[in-house]
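Structure data (CSV, C-alpha atoms and all ligand atoms) from protein08.csv:
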```csv
chain,number,residue,atom,x,y,z
A,1,MET,CA,78.5,101.6,32.7
A,2,SER,CA,76.7,102.8,29.7
A,3,PHE,CA,73.9,105.2,29.2
A,4,PHE,CA,70.8,103.7,27.7
A,5,LEU,CA,68.2,105.4,25.7
A,6,THR,CA,64.5,104.9,26.0
A,7,THR,CA,62.3,105.3,23.0
A,8,GLN,CA,61.5,108.8,24.3
A,9,GLY,CA,65.2,109.5,24.7
A,10,ILE,CA,65.8,108.4,21.1
A,11,ARG,CA,63.1,110.7,20.0
A,12,ILE,CA,64.8,113.7,21.6
A,13,LEU,CA,68.0,112.7,20.2
A,14,GLN,CA,66.5,112.5,16.7
A,15,ILE,CA,65.1,116.0,17.2
A,16,LEU,CA,68.5,117.2,18.2
A,17,VAL,CA,70.2,115.6,15.3
A,18,ALA,CA,67.8,116.8,12.8
A,19,SER,CA,69.8,119.9,12.1
A,20,THR,CA,73.3,118.8,12.5
A,21,VAL,CA,75.5,116.1,13.8
A,22,ILE,CA,76.5,116.0,17.4
A,23,LEU,CA,79.0,114.6,19.8
A,24,THR,CA,78.8,113.8,23.4
A,25,LEU,CA,80.8,113.9,26.6
A,26,PHE,CA,79.7,111.2,29.0
A,27,PHE,CA,81.0,110.1,32.2
A,28,SER,CA,79.9,107.7,34.9
A,29,VAL,CA,80.3,108.4,38.5
A,30,SER,CA,81.0,104.8,39.5
A,31,HIS,CA,84.7,104.4,38.9
A,32,PHE,CA,87.6,106.6,37.9
A,33,SER,CA,91.2,105.8,37.8
A,34,SER,CA,93.5,108.7,37.2
A,35,GLY,CA,94.2,108.0,33.5
A,36,GLU,CA,97.8,107.7,32.5
A,37,LEU,CA,98.7,110.3,30.0
A,38,ARG,CA,100.1,108.7,26.9
A,39,ASP,CA,101.7,111.7,25.5
A,40,ALA,CA,104.7,112.8,27.5
A,41,ALA,CA,104.9,116.1,25.6
A,42,ARG,CA,101.5,117.0,27.0
A,43,ASN,CA,102.5,116.3,30.5
A,44,SER,CA,103.9,119.7,31.2
A,45,ILE,CA,101.4,122.1,32.6
A,46,ALA,CA,102.3,125.7,32.3
A,47,GLU,CA,101.1,126.9,35.6
A,48,HIS,CA,102.0,125.4,38.9
A,49,VAL,CA,99.6,125.8,41.7
A,50,LYS,CA,101.2,126.4,45.1
A,51,VAL,CA,99.7,124.0,47.6
A,52,GLY,CA,101.1,122.7,50.8
A,53,SER,CA,102.5,119.2,51.1
A,54,ARG,CA,99.0,118.0,52.3
A,55,GLY,CA,97.2,119.9,49.6
A,56,PRO,CA,95.5,118.5,46.5
A,57,PRO,CA,97.6,117.3,43.6
A,58,GLU,CA,98.7,119.7,40.9
A,59,PRO,CA,96.5,120.2,37.9
A,60,LYS,CA,97.4,117.9,35.0
A,61,PRO,CA,96.2,117.7,31.4
A,62,ALA,CA,92.9,115.8,30.9
A,63,ASN,CA,93.3,112.4,29.2
A,64,ALA,CA,92.4,111.5,25.6
A,65,THR,CA,88.7,111.4,26.5
A,66,LEU,CA,89.1,114.6,28.5
A,67,ASP,CA,88.6,112.6,31.7
A,68,PHE,CA,85.1,111.6,30.7
A,69,GLN,CA,84.4,108.0,30.2
A,70,GLU,CA,83.9,108.6,26.5
A,71,ILE,CA,83.6,111.4,24.0
A,72,ILE,CA,80.8,110.4,21.7
A,73,TYR,CA,79.9,112.3,18.7
A,74,LEU,CA,76.9,111.8,16.5
A,75,SER,CA,77.1,112.3,12.9
A,76,MET,CA,74.8,111.6,9.9
A,77,PRO,CA,76.5,108.8,8.1
A,78,TYR,CA,76.8,110.8,4.9
A,79,ARG,CA,78.7,113.7,6.5
A,80,THR,CA,82.0,112.0,5.8
A,81,ASP,CA,83.4,115.5,5.3
A,82,ARG,CA,82.7,116.4,8.9
A,83,GLN,CA,83.8,113.0,10.2
A,84,ASP,CA,87.1,113.3,8.4
A,85,ALA,CA,87.7,116.8,9.7
A,86,LEU,CA,86.9,115.7,13.3
A,87,SER,CA,89.1,112.6,13.1
A,88,LEU,CA,92.0,114.8,11.9
A,89,ILE,CA,91.7,117.4,14.7
A,90,ALA,CA,91.1,114.8,17.3
A,91,ALA,CA,94.3,113.0,16.3
A,92,VAL,CA,96.3,116.2,16.3
A,93,SER,CA,94.9,117.1,19.7
A,94,GLY,CA,95.5,113.6,21.2
A,95,LEU,CA,91.8,113.0,21.7
A,96,LYS,CA,89.8,109.8,21.2
A,97,LEU,CA,86.4,110.2,19.8
A,98,THR,CA,83.7,107.6,19.2
A,99,MET,CA,81.2,108.1,16.4
A,100,ILE,CA,77.7,107.0,16.7
A,101,PRO,CA,76.1,106.9,13.2
A,102,GLY,CA,72.7,108.4,12.6
A,103,SER,CA,70.7,109.8,15.4
A,104,ALA,CA,71.9,110.9,18.8
A,105,LEU,CA,73.5,114.0,20.6
A,106,ILE,CA,76.1,116.1,22.7
A,107,LEU,CA,79.4,117.8,21.0
A,108,GLU,CA,78.3,118.9,17.6
A,109,ASP,CA,80.4,117.6,14.7
A,110,ASP,CA,81.2,121.0,13.4
A,111,VAL,CA,83.0,122.3,16.4
A,112,ASP,CA,86.5,123.7,16.9
A,113,TRP,CA,88.6,123.7,20.0
A,114,ASP,CA,91.9,125.0,21.2
A,115,VAL,CA,95.2,123.2,20.5
A,116,ASP,CA,95.6,123.2,24.3
A,117,ILE,CA,92.3,121.5,25.0
A,118,ARG,CA,93.7,118.8,27.3
A,119,ASN,CA,95.3,121.4,29.5
A,120,ILE,CA,92.3,123.6,29.4
A,121,MET,CA,89.9,120.8,30.5
A,122,GLY,CA,92.5,119.5,33.0
A,123,LYS,CA,92.6,122.9,34.8
A,124,PHE,CA,88.8,123.2,34.7
A,125,SER,CA,88.4,119.7,36.2
A,126,TRP,CA,91.0,120.6,38.8
A,127,GLN,CA,89.0,123.7,39.8
A,128,LEU,CA,85.7,121.8,40.2
A,129,ARG,CA,87.4,119.0,42.1
A,130,TYR,CA,89.9,120.7,44.3
A,131,ASN,CA,89.0,124.4,44.4
A,132,ASN,CA,85.2,124.5,44.1
A,133,THR,CA,84.3,127.5,46.1
A,134,LEU,CA,80.8,127.6,44.4
A,135,ARG,CA,80.0,124.4,46.1
A,136,TRP,CA,82.0,124.4,49.3
A,137,GLY,CA,82.7,128.1,50.0
A,138,LYS,CA,86.1,128.5,51.7
A,139,ASN,CA,86.3,124.8,52.7
A,140,VAL,CA,87.1,123.4,49.3
A,141,GLU,CA,89.0,120.6,50.9
A,142,GLN,CA,85.7,119.0,51.6
A,143,GLY,CA,85.6,117.9,48.0
A,144,TRP,CA,89.1,116.4,47.9
A,145,LYS,CA,88.1,113.0,48.9
A,146,GLU,CA,85.5,112.7,46.1
A,147,ASP,CA,86.7,110.7,43.2
A,148,CYS,CA,85.1,112.1,40.1
A,149,PRO,CA,86.7,114.1,37.3
A,150,TYR,CA,85.0,117.5,37.4
A,151,GLY,CA,83.6,116.7,40.8
A,152,CYS,CA,80.6,114.5,41.7
A,153,ASP,CA,77.8,117.0,42.0
A,154,TRP,CA,76.7,117.9,38.6
A,155,ASP,CA,74.0,116.9,36.1
A,156,GLU,CA,75.4,118.9,33.2
A,157,ILE,CA,78.5,120.9,32.3
A,158,PHE,CA,78.3,123.5,29.6
A,159,VAL,CA,81.6,124.0,27.7
A,160,GLY,CA,80.1,124.9,24.3
A,161,GLN,CA,77.4,127.4,24.8
A,162,CYS,CA,76.9,130.1,22.2
A,163,GLY,CA,75.0,132.6,24.4
A,164,GLY,CA,72.7,132.6,27.3
A,165,LYS,CA,73.0,134.1,30.7
A,166,PRO,CA,73.9,133.3,34.3
A,167,ASN,CA,71.5,133.8,37.2
A,168,GLN,CA,71.4,137.6,37.5
A,169,ASN,CA,70.3,137.2,41.1
A,170,ARG,CA,73.3,135.1,42.1
A,171,LEU,CA,76.2,136.7,40.3
A,172,ASP,CA,78.1,136.2,43.5
A,173,LEU,CA,78.2,132.5,42.6
A,174,HIS,CA,81.1,132.5,40.2
A,175,GLN,CA,84.8,131.9,40.3
A,176,ALA,CA,87.6,133.1,38.1
A,177,TYR,CA,90.8,131.2,37.7
A,178,THR,CA,93.9,131.4,35.7
A,179,ASP,CA,94.1,129.7,32.3
A,180,PRO,CA,96.8,130.8,29.9
A,181,ALA,CA,94.8,129.5,27.0
A,182,SER,CA,91.9,131.8,27.6
A,183,PRO,CA,91.6,134.4,24.7
A,184,ALA,CA,91.8,138.2,25.1
A,185,LEU,CA,88.5,140.0,25.7
A,186,SER,CA,88.9,142.1,22.6
A,187,THR,CA,88.8,138.9,20.5
A,188,LEU,CA,85.6,137.5,22.0
A,189,GLN,CA,82.2,137.8,20.5
A,190,PRO,CA,80.1,140.7,21.8
A,191,TRP,CA,77.9,138.6,24.1
A,192,LEU,CA,81.0,137.2,25.9
A,193,GLN,CA,82.7,140.6,26.1
A,194,LYS,CA,79.5,141.9,27.7
A,195,GLU,CA,79.3,138.9,30.1
A,196,PHE,CA,82.8,139.5,31.3
A,197,SER,CA,82.7,143.3,31.6
A,198,THR,CA,79.2,143.9,32.9
A,199,LEU,CA,78.3,140.7,34.8
A,200,TRP,CA,81.6,139.4,36.2
A,201,ASN,CA,83.1,142.9,36.1
A,202,ILE,CA,86.3,141.6,34.7
A,203,SER,CA,88.0,143.9,32.3
A,204,GLU,CA,90.3,141.4,30.6
A,205,SER,CA,89.6,137.7,29.9
A,206,ALA,CA,93.0,136.8,28.6
A,207,ASN,CA,94.4,134.1,31.0
A,208,THR,CA,91.1,134.0,32.9
A,209,ARG,CA,88.1,131.7,32.8
A,210,VAL,CA,85.0,131.9,34.8
A,211,ILE,CA,82.9,129.1,36.2
A,212,SER,CA,79.4,129.7,37.2
A,213,PRO,CA,76.3,127.6,38.0
A,214,THR,CA,74.5,126.9,34.8
A,215,TRP,CA,71.4,129.0,34.3
A,216,GLU,CA,70.0,129.5,30.8
A,217,PRO,CA,72.6,128.5,28.2
A,218,ILE,CA,72.0,128.6,24.5
A,219,CYS,CA,73.3,126.0,22.1
A,220,LEU,CA,74.4,122.4,22.6
A,221,MET,CA,77.8,122.7,20.8
A,222,GLY,CA,79.5,120.9,23.6
A,223,TYR,CA,78.2,119.7,27.0
A,224,ALA,CA,78.7,116.9,29.4
A,225,LEU,CA,76.2,114.8,31.1
A,226,SER,CA,76.6,112.6,34.2
A,227,ARG,CA,74.6,109.4,34.2
A,228,MET,CA,72.3,111.0,36.8
A,229,GLY,CA,72.1,114.1,34.7
A,230,ALA,CA,71.1,112.1,31.6
A,231,MET,CA,68.4,110.3,33.5
A,232,ARG,CA,67.2,113.6,35.0
A,233,MET,CA,66.9,115.1,31.5
A,234,LEU,CA,65.0,112.1,30.2
A,235,TYR,CA,62.7,112.4,33.2
A,236,ASN,CA,62.2,116.1,33.0
A,237,ILE,CA,62.3,116.6,29.2
A,238,GLY,CA,62.3,113.3,27.3
A,239,GLY,CA,58.7,112.7,26.6
A,240,TRP,CA,58.0,111.5,30.1
A,241,ARG,CA,56.5,114.9,30.4
A,242,PRO,CA,55.0,117.0,27.7
A,243,PHE,CA,57.7,118.6,25.6
A,244,GLY,CA,57.2,120.8,22.7
A,245,ASN,CA,60.1,123.3,22.6
A,246,PRO,CA,63.6,123.2,21.2
A,247,VAL,CA,65.6,120.9,23.4
A,248,ASP,CA,68.2,123.5,24.3
A,249,ASN,CA,65.4,125.8,25.5
A,250,GLU,CA,64.0,122.9,27.5
A,251,ILE,CA,67.3,122.2,29.1
A,252,ALA,CA,67.8,125.9,29.9
A,253,TRP,CA,64.4,126.3,31.5
A,254,ARG,CA,64.6,123.2,33.5
A,255,THR,CA,68.0,124.4,34.7
A,256,SER,CA,66.9,127.9,35.7
A,257,GLU,CA,64.0,126.2,37.5
A,258,GLY,CA,66.6,124.2,39.4
A,259,VAL,CA,65.5,120.6,38.6
A,260,LEU,CA,68.8,120.2,36.7
A,261,SER,CA,72.1,121.8,37.7
A,262,GLY,CA,75.7,122.0,36.7
A,263,TYR,CA,78.5,124.4,35.7
A,264,THR,CA,79.1,126.6,32.8
A,265,LEU,CA,82.6,127.5,31.6
A,266,SER,CA,83.2,130.9,30.1
A,267,PRO,CA,84.6,131.6,27.5
A,268,PRO,CA,83.4,128.3,26.2
A,269,VAL,CA,86.0,125.9,24.8
A,270,PHE,CA,84.0,124.2,22.1
A,271,THR,CA,82.9,126.7,19.5
A,272,ALA,CA,81.2,126.6,16.1
A,273,TRP,CA,83.4,126.1,13.1
A,274,ARG,CA,81.9,127.7,10.0
A,275,VAL,CA,82.9,127.1,6.4
A,276,GLY,CA,80.1,129.1,4.8
A,277,GLY,CA,77.3,128.0,2.5
A,278,SER,CA,75.3,124.7,2.5
A,279,GLN,CA,78.1,122.7,4.1
A,280,ASP,CA,77.3,124.4,7.4
A,281,SER,CA,73.9,122.7,7.5
A,282,ASP,CA,72.7,119.1,7.8
A,283,ASN,CA,69.3,120.3,6.7
A,284,ASP,CA,68.2,118.3,3.7
A,285,ALA,CA,66.3,121.0,2.0
A,286,GLY,CA,69.4,123.2,2.2
A,287,LEU,CA,71.7,120.6,0.9
A,288,ASN,CA,69.5,119.6,-2.0
A,289,ALA,CA,68.9,123.2,-3.0
A,290,LYS,CA,72.6,124.2,-3.2
A,291,PRO,CA,75.8,122.7,-4.5
A,292,ALA,CA,78.5,122.2,-1.8
A,293,ASN,CA,80.6,125.0,-3.3
A,294,THR,CA,82.6,126.1,-0.3
A,295,LYS,CA,86.3,126.0,0.1
A,296,GLY,CA,85.9,123.3,2.8
A,297,ASN,CA,87.8,123.8,6.0
A,298,ILE,CA,90.6,125.9,4.5
A,299,GLU,CA,88.9,129.2,4.8
A,300,GLY,CA,86.6,128.3,7.7
A,301,TYR,CA,86.7,130.1,11.0
A,302,SER,CA,85.7,129.8,14.6
A,303,ARG,CA,85.5,132.4,17.4
A,304,ASN,CA,86.4,132.7,21.0
A,305,LEU,CA,89.5,130.4,20.9
A,306,LYS,CA,93.1,131.5,21.4
A,307,ASN,CA,94.7,128.9,19.2
A,308,GLY,CA,92.0,126.9,17.3
A,309,VAL,CA,93.2,123.5,16.3
A,310,ARG,CA,91.6,123.7,12.8
A,311,LYS,CA,93.7,126.8,12.0
A,312,SER,CA,96.8,125.1,13.3
A,313,LEU,CA,96.7,122.3,10.8
A,314,PRO,CA,98.5,124.0,7.9
A,315,GLU,CA,101.5,124.5,10.2
A,316,TYR,CA,101.2,121.1,11.8
A,317,PHE,CA,101.3,119.3,8.4
A,318,LYS,CA,103.7,121.7,6.7
A,319,LYS,CA,106.1,120.0,4.4
A,320,ASP,CA,108.0,121.2,1.4
A,321,PHE,CA,110.0,118.2,0.3
A,322,TRP,CA,111.2,119.2,-3.1
A,323,ASN,CA,112.3,122.6,-2.0
A,324,GLY,CA,114.1,121.0,0.8
A,325,MET,CA,115.9,118.8,-1.7
A,326,GLU,CA,117.0,121.8,-3.8
A,327,GLY,CA,120.7,121.9,-4.3
A,328,LYS,CA,121.2,118.5,-2.7
A,329,ARG,CA,122.9,116.0,-5.0
A,330,VAL,CA,123.9,112.5,-3.9
A,331,ASP,CA,127.4,113.1,-5.0
A,332,ARG,CA,127.6,116.4,-3.1
A,333,LEU,CA,126.1,115.2,0.2
A,334,GLU,CA,128.6,115.7,3.0
A,335,THR,CA,129.5,112.5,4.8
A,401,LIG,C1,90.0,109.1,30.9
A,401,LIG,O1,89.6,109.1,32.2
A,401,LIG,C2,88.3,108.7,32.5
A,401,LIG,C3,88.0,109.0,34.0
A,401,LIG,O2,89.0,108.4,34.8
A,401,LIG,C4,88.2,107.2,32.1
A,401,LIG,O3,86.9,106.8,32.4
A,401,LIG,C5,88.6,107.0,30.7
A,401,LIG,O4,88.5,105.7,30.3
A,401,LIG,C6,89.9,107.6,30.4
A,401,LIG,N1,90.2,107.6,29.0
A,401,LIG,C7,91.2,107.0,28.4
A,401,LIG,C8,91.3,107.1,27.0
A,401,LIG,O5,92.1,106.5,29.1
A,402,LIG,C1,90.4,129.0,43.7
A,402,LIG,O1,89.2,129.7,43.5
A,402,LIG,C2,89.3,131.1,43.8
A,402,LIG,C3,88.0,131.8,43.5
A,402,LIG,O2,86.9,131.2,44.0
A,402,LIG,C4,90.4,131.8,43.1
A,402,LIG,O3,90.5,133.2,43.5
A,402,LIG,C5,91.7,131.1,43.2
A,402,LIG,O4,92.6,131.7,42.4
A,402,LIG,C6,91.5,129.7,42.9
A,402,LIG,N1,92.8,129.0,43.2
A,402,LIG,C7,93.5,128.5,42.2
A,402,LIG,C8,94.8,127.8,42.7
A,402,LIG,O5,93.2,128.5,41.0
A,403,LIG,C1,79.1,143.9,38.6
A,403,LIG,O1,78.7,145.2,38.6
A,403,LIG,C2,77.3,145.4,38.5
A,403,LIG,C3,77.0,146.9,38.5
A,403,LIG,O2,77.6,147.5,39.5
A,403,LIG,C4,76.6,144.7,39.6
A,403,LIG,O3,75.2,144.8,39.5
A,403,LIG,C5,77.0,143.2,39.6
A,403,LIG,O4,76.4,142.5,40.7
A,403,LIG,C6,78.5,143.1,39.7
A,403,LIG,N1,78.9,141.7,39.5
A,403,LIG,C7,79.5,141.0,40.5
A,403,LIG,C8,79.8,139.6,40.2
A,403,LIG,O5,79.8,141.5,41.5
```

Can the structure from this file be put into structure tokens for me?
Ligand SMILES: *[C@@H]1O[C@H](CO)[C@@H](O)[C@H](O)[C@H]1NC(C)=O
Ligand SMILES: *[C@@H]1O[C@H](CO)[C@@H](O)[C@H](O)[C@H]1NC(C)=O
Ligand SMILES: *[C@@H]1O[C@H](CO)[C@@H](O)[C@H](O)[C@H]1NC(C)=O
Amino acid sequence: MSFFLTTQGIRILQILVASTVILTLFFSVSHFSSGELRDAARNSIAEHVKVGSRGPPEPKPANATLDFQEIIYLSMPYRTDRQDALSLIAAVSGLKLTMIPGSALILEDDVDWDVDIRNIMGKFSWQLRYNNTLRWGKNVEQGWKEDCPYGCDWDEIFVGQCGGKPNQNRLDLHQAYTDPASPALSTLQPWLQKEFSTLWNISESANTRVISPTWEPICLMGYALSRMGAMRMLYNIGGWRPFGNPVDNEIAWRTSEGVLSGYTLSPPVFTAWRVGGSQDSDNDAGLNAKPANTKGNIEGYSRNLKNGVRKSLPEYFKKDFWNGMEGKRVDRLET
């Protein structure tokens, strides 16, 4: 099942793409098979959840499309620098991304994620599917028969917000769970430190993530849409009704109004990767005005990740062939 765009939809997407390139997590509610994990090395999951013999299955890493039908990213055709970087980190992480050239939206093409992304998303999906106390209260087993990754009840899932807030009147609606890949509080950006310490009243975020109902998130660095969610957005925002504000604000306001709903994961797991200078922008004026004089990805940085995959590449690709050959001579090789 694929998501189709109306003219209005394409218009929104064009607006979204105007500033940068984007990538999308999509999924359709109609059919899901539990994807076989290709990579045996990724099959081990650090934390085993104790459940009875009649309980839900154990969490397992998400598949190469993070259990969504597809991960789509949108990239301006000329940003081959960003496309190359994204291909590299996707391959290293065992992810499969599909690029849509030109105009469209939903994970931005300048994001970073943790080396452990498939376990992170696998645990998150497991919580929404088998331990969703936000939705079911204590009777989480009501959801066990549903067959959707991340559960079947959401329009949108925010995993790449760069700010925003939860519903201050319903702070009770949140749940914390263990994730060994969640970074320490002291390493988080101030807005996240504040969220954990003053809203969730959690004094340490290491090994802990919080799920809450989406309220007013900022940024569209990474988010998922269900098919129904995509249609609801087009209906509520996409030109069907008047629409004159930045699209992330529109989504936030429609969500706090309650006509769209979903979940927000905190700390977010897709975060902005910055290299400095004009390369951080797709804005033509910016690009024309300045030479691309950055050091590329080598000295770039991201925040709020424990082990960002981009920073892991030097170690991943490390090789020192000639030094390794030092002192070795064919006639001296031991047999
Ligand atoms: C991952 O799982 C989803 C949901 O079951 C499925 O739609 C998708 O095709 C799978 N991806 C891969 C690469 O197998
Ligand atoms: C299920 O969710 C509750 C919070 O709502 C949490 O306390 C508990 O640790 C979770 N269970 C597992 C196995 O993660
Ligand atoms: C955290 O503490 C503040 C101040 O006491 C309170 O207003 C807020 O509701 C608490 N949050 C939760 C999730 O209980």

**Q.** Given 8 Å and only C-alpha atoms and all ligand atoms, residues near ligand LIG 403 (chain A) as a PyMOL selection string
**A.** chain A and resi 168+171-174+197-201

**Q.** Long-range neighbours of Leu305 in chain A as a VMD selection string, 10 Å cut-off, only C-alpha atoms, 4 positions minimum in chain
**A.** chain A and resid 112 to 115 181 to 184 187 to 188 267 to 271 309

Put a box with edges along x, y and z around all the listed atoms of ligand LIG 401 (chain A), pad it by 6 Å on each side, then give me its centre and sizes in Å, one decimal, as lines of an AutoDock Vina configuration file.
```
center_x = 89.5
center_y = 107.4
center_z = 30.9
size_x = 17.2
size_y = 15.4
size_z = 19.8
```

(Q) Please compute the CA of Thr208 in chain A-CA of Leu220 in chain A distance, one decimal, in Å. (A)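 It comes out at 22.8 Å.
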
Sorted by chain and rising residue number, list the residues of chain A at most 10 Å from ligand LIG 402 (chain A) (counting only C-alpha atoms and all ligand atoms), each with its closest atom pair and distance in Å to one decimal, as JSON lines.
```
{"residue": "A:Glu47", "atom": "CA", "partner": "A:LIG402", "partner_atom": "C8", "distance": 9.5}
{"residue": "A:His48", "atom": "CA", "partner": "A:LIG402", "partner_atom": "C8", "distance": 8.5}
{"residue": "A:Val49", "atom": "CA", "partner": "A:LIG402", "partner_atom": "C8", "distance": 5.3}
{"residue": "A:Lys50", "atom": "CA", "partner": "A:LIG402", "partner_atom": "C8", "distance": 7.0}
{"residue": "A:Val51", "atom": "CA", "partner": "A:LIG402", "partner_atom": "C8", "distance": 7.9}
{"residue": "A:Glu58", "atom": "CA", "partner": "A:LIG402", "partner_atom": "C8", "distance": 9.2}
{"residue": "A:Pro59", "atom": "CA", "partner": "A:LIG402", "partner_atom": "C8", "distance": 9.1}
{"residue": "A:Lys123", "atom": "CA", "partner": "A:LIG402", "partner_atom": "O5", "distance": 8.4}
{"residue": "A:Phe124", "atom": "CA", "partner": "A:LIG402", "partner_atom": "O5", "distance": 9.3}
{"residue": "A:Trp126", "atom": "CA", "partner": "A:LIG402", "partner_atom": "O5", "distance": 8.5}
{"residue": "A:Gln127", "atom": "CA", "partner": "A:LIG402", "partner_atom": "O5", "distance": 6.5}
{"residue": "A:Leu128", "atom": "CA", "partner": "A:LIG402", "partner_atom": "O1", "distance": 9.2}
{"residue": "A:Tyr130", "atom": "CA", "partner": "A:LIG402", "partner_atom": "C1", "distance": 8.3}
{"residue": "A:Asn131", "atom": "CA", "partner": "A:LIG402", "partner_atom": "C1", "distance": 4.9}
{"residue": "A:Asn132", "atom": "CA", "partner": "A:LIG402", "partner_atom": "O1", "distance": 6.6}
{"residue": "A:Thr133", "atom": "CA", "partner": "A:LIG402", "partner_atom": "O2", "distance": 5.0}
{"residue": "A:Leu134", "atom": "CA", "partner": "A:LIG402", "partner_atom": "O2", "distance": 7.1}
{"residue": "A:Arg135", "atom": "CA", "partner": "A:LIG402", "partner_atom": "O2", "distance": 9.9}
{"residue": "A:Trp136", "atom": "CA", "partner": "A:LIG402", "partner_atom": "O2", "distance": 9.9}
{"residue": "A:Gly137", "atom": "CA", "partner": "A:LIG402", "partner_atom": "O2", "distance": 8.0}
{"residue": "A:Lys138", "atom": "CA", "partner": "A:LIG402", "partner_atom": "O2", "distance": 8.2}
{"residue": "A:Val140", "atom": "CA", "partner": "A:LIG402", "partner_atom": "C1", "distance": 8.6}
{"residue": "A:Leu173", "atom": "CA", "partner": "A:LIG402", "partner_atom": "O2", "distance": 8.9}
{"residue": "A:His174", "atom": "CA", "partner": "A:LIG402", "partner_atom": "O2", "distance": 7.1}
{"residue": "A:Gln175", "atom": "CA", "partner": "A:LIG402", "partner_atom": "O2", "distance": 4.3}
{"residue": "A:Ala176", "atom": "CA", "partner": "A:LIG402", "partner_atom": "C3", "distance": 5.6}
{"residue": "A:Tyr177", "atom": "CA", "partner": "A:LIG402", "partner_atom": "O5", "distance": 4.9}
{"residue": "A:Thr178", "atom": "CA", "partner": "A:LIG402", "partner_atom": "O5", "distance": 6.1}
{"residue": "A:Asp179", "atom": "CA", "partner": "A:LIG402", "partner_atom": "O5", "distance": 8.8}
{"residue": "A:Thr208", "atom": "CA", "partner": "A:LIG402", "partner_atom": "O4", "distance": 9.9}
{"residue": "A:Val210", "atom": "CA", "partner": "A:LIG402", "partner_atom": "C3", "distance": 9.2}
{"residue": "A:Ile211", "atom": "CA", "partner": "A:LIG402", "partner_atom": "O2", "distance": 9.0}
```

Which residues come within 10 Å of Gly258 in chain A, counting all atoms listed in the file, excluding same-chain residues fewer than 5 positions away, as a PDB file with C-alpha atoms, keeping the file's coordinate frame?
```pdb
ATOM      1  CA  THR A 214      74.500 126.900  34.800  1.00  0.00           C
ATOM      2  CA  TRP A 215      71.400 129.000  34.300  1.00  0.00           C
ATOM      3  CA  ALA A 252      67.800 125.900  29.900  1.00  0.00           C
ATOM      4  CA  TRP A 253      64.400 126.300  31.500  1.00  0.00           C
TER       5      TRP A 253
END
```

Q: For CA of Leu97 in chain A and CA of Pro246 in chain A, quote the distance in Å rounded to one decimal.
A: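 Interatomic distance here is 26.3 Å.
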
Q: Give the answer as one residue: which of A:Ser212, A:Gln161, A:Asn167, A:Ser226 has the shortest atom-to-atom distance to ligand LIG 401 (chain A), using all atoms listed in the file?
A: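 Of A:Ser212, A:Gln161, A:Asn167, A:Ser226, the one nearest ligand LIG 401 (chain A) is A:Ser226, counting all atoms listed in the file.
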
Q | Point-to-point distance in Å for CA of Gly163 in chain A and CA of Gly229 in chain A | A |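 For CA of Gly229 in chain A relative to CA of Gly163 in chain A, the distance reads 21.4 Å.
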
Q.
Restricting the calculation to all atoms listed in the file: of A:Ala206, A:Ala62, A:Ile218, A:Val247, which residue gets closest to ligand LIG 401 (chain A)?
A. A:Ala62

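Among the candidates A:Arg118, A:Asn304, A:Cys148, A:Gln83, the residue lying nearest to ligand LIG 401 (chain A) is A:Cys148 (atoms considered: all atoms listed in the file).
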
Q.
Measuring between only C-alpha atoms, which one of A:Gly122, A:Lys194, A:Leu86, A:Asp109 shows the shortest distance to Leu66 in chain A?
A. A:Gly122

**Q.** A:Tyr78, A:Ala272, A:Asp248, A:Ala90 ranked by distance to Glu108 in chain A, top pick (using only C-alpha atoms)
**A.** A:Ala272

Q.
So, with all atoms listed in the file as the atoms that count, which of A:Tyr150, A:Trp144, A:Tyr235, A:Tyr73 lies closest to ligand LIG 401 (chain A)?
A.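 Among the listed residues, the smallest separation from ligand LIG 401 (chain A) belongs to A:Tyr150.
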
Q: Find the spatial neighbours of Pro314 in chain A, counting all atoms listed in the file, within a cut-off of 12 Å - ignore same-chain residues fewer than 3 positions away - and output them as a list in words.
A: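 The contact residues come out as Leu88, Ile89, Val92, Asn297, Ile298, Glu299, Gly308, Val309, Arg310, Lys311, Phe317, Lys318, Lys319 and Asp320 of chain A.
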